[in-house]
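In what follows, a single structure is set out as structure tokens and then discussed.
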Amino acid sequence: MESINHLKGYGKVNPETLANPEPPKPQKRISSAVAISAVICLTLVITLAIAALIHESTTESHDESQPQSLSNSAESTIKTVCNVTRYPDSCFRSISALNRSPNPDPEAIFKLSLEISAAELSRLLALFKTVNSDPATQDCVSQLEEAISRVNDSASAMRVDPGEKALTGDKVKDIQTWLSSAVTDQETCLDGLEEMGSTAVEAVKSEMNKSKEYSSNSLAIVANFKGILDKFNIPLH
Ligand SMILES: *[C@@H]1O[C@H](CO)[C@@H](O)[C@H](O)[C@H]1NC(C)=O
Ligand SMILES: *[C@@H]1O[C@H](CO)[C@@H](O)[C@H](O)[C@H]1NC(C)=O
Ligand SMILES: *[C@@H]1O[C@H](CO)[C@@H](O)[C@H](O)[C@H]1NC(C)=O
């Protein structure tokens, strides 16, 4: 969200102003020398503007000079969906990076958020399995396994035949329950480590930052799914 506004601020050249220079004033006699140098000058300005635009479009992937482009429509949909989350930036960044559709619907965006949560939880679990394990760490391993399986259950519930909408009102409730367990599982792991006075608490907290944010994002999206659909004028099935 921030980066978009940031990019908008880069309007070094306003293409509209340049493409439509002020209409010539109804002056009767402009000496041809002045007219010619004005034309040369204008040509130079336009050339520089085009060069600047080409430079911008080759150096900045989120080129705001193409408001009609499909990728911007995907960006704005992802932005609207992520706006309901507590960590909209991490939501937007992670989902945009994974999205390949020029025009994803909220349901597709939610599915991507589940993939992202599952992948990050799996990374964390693999990490936990490499450390020499005291009982609290072993508990964390089982809590993370459970969290992954909740996220997996949610992803499985989203699998339907092509063209069919997966998220019915009932499923939204189930998935909400599973995802809130997945969020709690991670808290429980941290609490356990803290209670055992584990020296690894801070390190684990920081390793868990993304998985907590991603699962919280998925939960927020599904919990607010009806409101999100309303924004796109799509009915909930
Ligand atoms: C995000 O939500 C807030 C209200 O919660 C609203 O004011 C803002 O316009 C929304 N932004 C986008 C990009 O949808
Ligand atoms: C979750 O799903 C992934 C991919 O489908 C699979 O590799 C993994 O074993 C599953 N994990 C659990 C705990 O169900
Ligand atoms: C992750 O870290 C960022 C930056 O320190 C912090 O703002 C955010 O609240 C953390 N997220 C969680 C879930 O703790």
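Residues in the structure tokens are named by chain (A, B, ... in the order shown) and by number from 1 within that chain; ligands are numbered from 1 in the order shown.
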Checklist entry - Can you list every residue in stretch 114-222 of chain A that DSSP puts in helix (DSSP H, G or I), as a VMD selection string? => result chain A and resid 114 to 130 135 to 157 169 to 195 201 to 222
Checklist entry - Using only C-alpha atoms and all ligand atoms, which protein or nucleic acid residues are at most 12 Å from ligand 2, as number ranges by chain? => result A: 114-123, 125-126, 141-156, 159, 182
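Those protein and nucleic acid residues that have any atom within 6 Å of ligand 3 are, using only C-alpha atoms and all ligand atoms, Asn209, Lys212 and Glu213 of chain A.
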Show me, as JSON lines, the residues of chain A having an atom within 12 Å of ligand 1, each with the closest atom pair and its distance in Å, using only C-alpha atoms and all ligand atoms.
```
{"residue": "A:Met1", "atom": "CA", "partner": "ligand 1", "partner_atom_place_in_ligand_line": "13 (C)", "distance": 7.1}
{"residue": "A:Glu2", "atom": "CA", "partner": "ligand 1", "partner_atom_place_in_ligand_line": "13 (C)", "distance": 10.0}
{"residue": "A:Ile4", "atom": "CA", "partner": "ligand 1", "partner_atom_place_in_ligand_line": "13 (C)", "distance": 10.1}
{"residue": "A:Asn5", "atom": "CA", "partner": "ligand 1", "partner_atom_place_in_ligand_line": "13 (C)", "distance": 10.4}
{"residue": "A:Glu75", "atom": "CA", "partner": "ligand 1", "partner_atom_place_in_ligand_line": "13 (C)", "distance": 10.3}
{"residue": "A:Ser76", "atom": "CA", "partner": "ligand 1", "partner_atom_place_in_ligand_line": "13 (C)", "distance": 7.5}
{"residue": "A:Thr77", "atom": "CA", "partner": "ligand 1", "partner_atom_place_in_ligand_line": "14 (O)", "distance": 8.9}
{"residue": "A:Ile78", "atom": "CA", "partner": "ligand 1", "partner_atom_place_in_ligand_line": "13 (C)", "distance": 9.3}
{"residue": "A:Lys79", "atom": "CA", "partner": "ligand 1", "partner_atom_place_in_ligand_line": "13 (C)", "distance": 5.8}
{"residue": "A:Thr80", "atom": "CA", "partner": "ligand 1", "partner_atom_place_in_ligand_line": "14 (O)", "distance": 4.5}
{"residue": "A:Val81", "atom": "CA", "partner": "ligand 1", "partner_atom_place_in_ligand_line": "14 (O)", "distance": 7.8}
{"residue": "A:Cys82", "atom": "CA", "partner": "ligand 1", "partner_atom_place_in_ligand_line": "14 (O)", "distance": 8.3}
{"residue": "A:Asn83", "atom": "CA", "partner": "ligand 1", "partner_atom_place_in_ligand_line": "1 (C)", "distance": 4.9}
{"residue": "A:Val84", "atom": "CA", "partner": "ligand 1", "partner_atom_place_in_ligand_line": "2 (O)", "distance": 6.7}
{"residue": "A:Thr85", "atom": "CA", "partner": "ligand 1", "partner_atom_place_in_ligand_line": "1 (C)", "distance": 9.5}
{"residue": "A:Arg86", "atom": "CA", "partner": "ligand 1", "partner_atom_place_in_ligand_line": "5 (O)", "distance": 10.6}
{"residue": "A:Tyr87", "atom": "CA", "partner": "ligand 1", "partner_atom_place_in_ligand_line": "1 (C)", "distance": 11.9}
{"residue": "A:Pro88", "atom": "CA", "partner": "ligand 1", "partner_atom_place_in_ligand_line": "1 (C)", "distance": 9.3}
{"residue": "A:Asp89", "atom": "CA", "partner": "ligand 1", "partner_atom_place_in_ligand_line": "13 (C)", "distance": 11.3}
{"residue": "A:Phe92", "atom": "CA", "partner": "ligand 1", "partner_atom_place_in_ligand_line": "13 (C)", "distance": 10.9}
{"residue": "A:Asn224", "atom": "CA", "partner": "ligand 1", "partner_atom_place_in_ligand_line": "5 (O)", "distance": 11.6}
{"residue": "A:Gly227", "atom": "CA", "partner": "ligand 1", "partner_atom_place_in_ligand_line": "5 (O)", "distance": 11.2}
{"residue": "A:Ile228", "atom": "CA", "partner": "ligand 1", "partner_atom_place_in_ligand_line": "14 (O)", "distance": 9.8}
{"residue": "A:Lys231", "atom": "CA", "partner": "ligand 1", "partner_atom_place_in_ligand_line": "14 (O)", "distance": 9.0}
{"residue": "A:Phe232", "atom": "CA", "partner": "ligand 1", "partner_atom_place_in_ligand_line": "14 (O)", "distance": 11.2}
```
Can you tell me which residues surround A:Thr184 at a distance of at most 10 Å, considering only C-alpha atoms, apart from same-chain residues fewer than 3 positions away, and format the answer as a PDB file with N, CA and C atoms, in the first residue's frame?
```
ATOM      1  N   GLN A 143       2.960 -28.753  17.922  1.00  0.00           N
ATOM      2  CA  GLN A 143       2.025 -27.649  17.672  1.00  0.00           C
ATOM      3  C   GLN A 143       2.137 -27.116  16.235  1.00  0.00           C
ATOM      4  N   ALA A 147      -0.666 -27.003  13.426  1.00  0.00           N
ATOM      5  CA  ALA A 147      -0.998 -25.768  12.704  1.00  0.00           C
ATOM      6  C   ALA A 147      -0.979 -26.000  11.197  1.00  0.00           C
ATOM      7  N   TRP A 178     -10.546 -23.450  12.009  1.00  0.00           N
ATOM      8  CA  TRP A 178      -9.238 -24.112  11.836  1.00  0.00           C
ATOM      9  C   TRP A 178      -8.100 -23.111  11.878  1.00  0.00           C
ATOM     10  N   LEU A 179      -8.279 -21.997  11.186  1.00  0.00           N
ATOM     11  CA  LEU A 179      -7.187 -21.027  11.131  1.00  0.00           C
ATOM     12  C   LEU A 179      -6.954 -20.351  12.470  1.00  0.00           C
ATOM     13  N   SER A 180      -8.029 -20.176  13.229  1.00  0.00           N
ATOM     14  CA  SER A 180      -7.757 -19.553  14.523  1.00  0.00           C
ATOM     15  C   SER A 180      -7.034 -20.534  15.442  1.00  0.00           C
ATOM     16  N   SER A 181      -7.256 -21.854  15.264  1.00  0.00           N
ATOM     17  CA  SER A 181      -6.431 -22.832  15.988  1.00  0.00           C
ATOM     18  C   SER A 181      -4.979 -22.753  15.543  1.00  0.00           C
ATOM     19  N   GLU A 187       1.108 -19.517  19.231  1.00  0.00           N
ATOM     20  CA  GLU A 187       1.211 -18.841  20.529  1.00  0.00           C
ATOM     21  C   GLU A 187       1.550 -19.833  21.628  1.00  0.00           C
ATOM     22  N   THR A 188       0.875 -21.002  21.574  1.00  0.00           N
ATOM     23  CA  THR A 188       1.097 -22.027  22.581  1.00  0.00           C
ATOM     24  C   THR A 188       2.551 -22.478  22.584  1.00  0.00           C
ATOM     25  N   CYS A 189       3.115 -22.611  21.399  1.00  0.00           N
ATOM     26  CA  CYS A 189       4.521 -22.993  21.287  1.00  0.00           C
ATOM     27  C   CYS A 189       5.407 -21.962  21.982  1.00  0.00           C
ATOM     28  N   LEU A 190       5.163 -20.706  21.698  1.00  0.00           N
ATOM     29  CA  LEU A 190       5.964 -19.644  22.321  1.00  0.00           C
ATOM     30  C   LEU A 190       5.789 -19.616  23.831  1.00  0.00           C
ATOM     31  N   LYS A 212       3.387 -16.213  11.881  1.00  0.00           N
ATOM     32  CA  LYS A 212       2.281 -15.645  12.658  1.00  0.00           C
ATOM     33  C   LYS A 212       1.520 -14.598  11.849  1.00  0.00           C
ATOM     34  N   SER A 215      -0.500 -16.443   8.965  1.00  0.00           N
ATOM     35  CA  SER A 215      -1.719 -17.152   9.364  1.00  0.00           C
ATOM     36  C   SER A 215      -2.761 -16.169   9.891  1.00  0.00           C
ATOM     37  N   SER A 216      -2.296 -15.107  10.539  1.00  0.00           N
ATOM     38  CA  SER A 216      -3.221 -14.063  10.973  1.00  0.00           C
ATOM     39  C   SER A 216      -3.879 -13.391   9.758  1.00  0.00           C
TER      40      SER A 216
END
```
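Checking A:Thr137, A:Ser96, A:Ser90, A:Asn132 one by one against A:Asp191, counting only C-alpha atoms, you find the shortest gap at A:Thr137.
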Item to check | Close residues, A:Leu229 itself excluded, 10 Å, only C-alpha atoms, min 4 positions apart in chain, as an MDAnalysis selection string | outcome: chainID A and resid 81 105:107 224:225 233:236
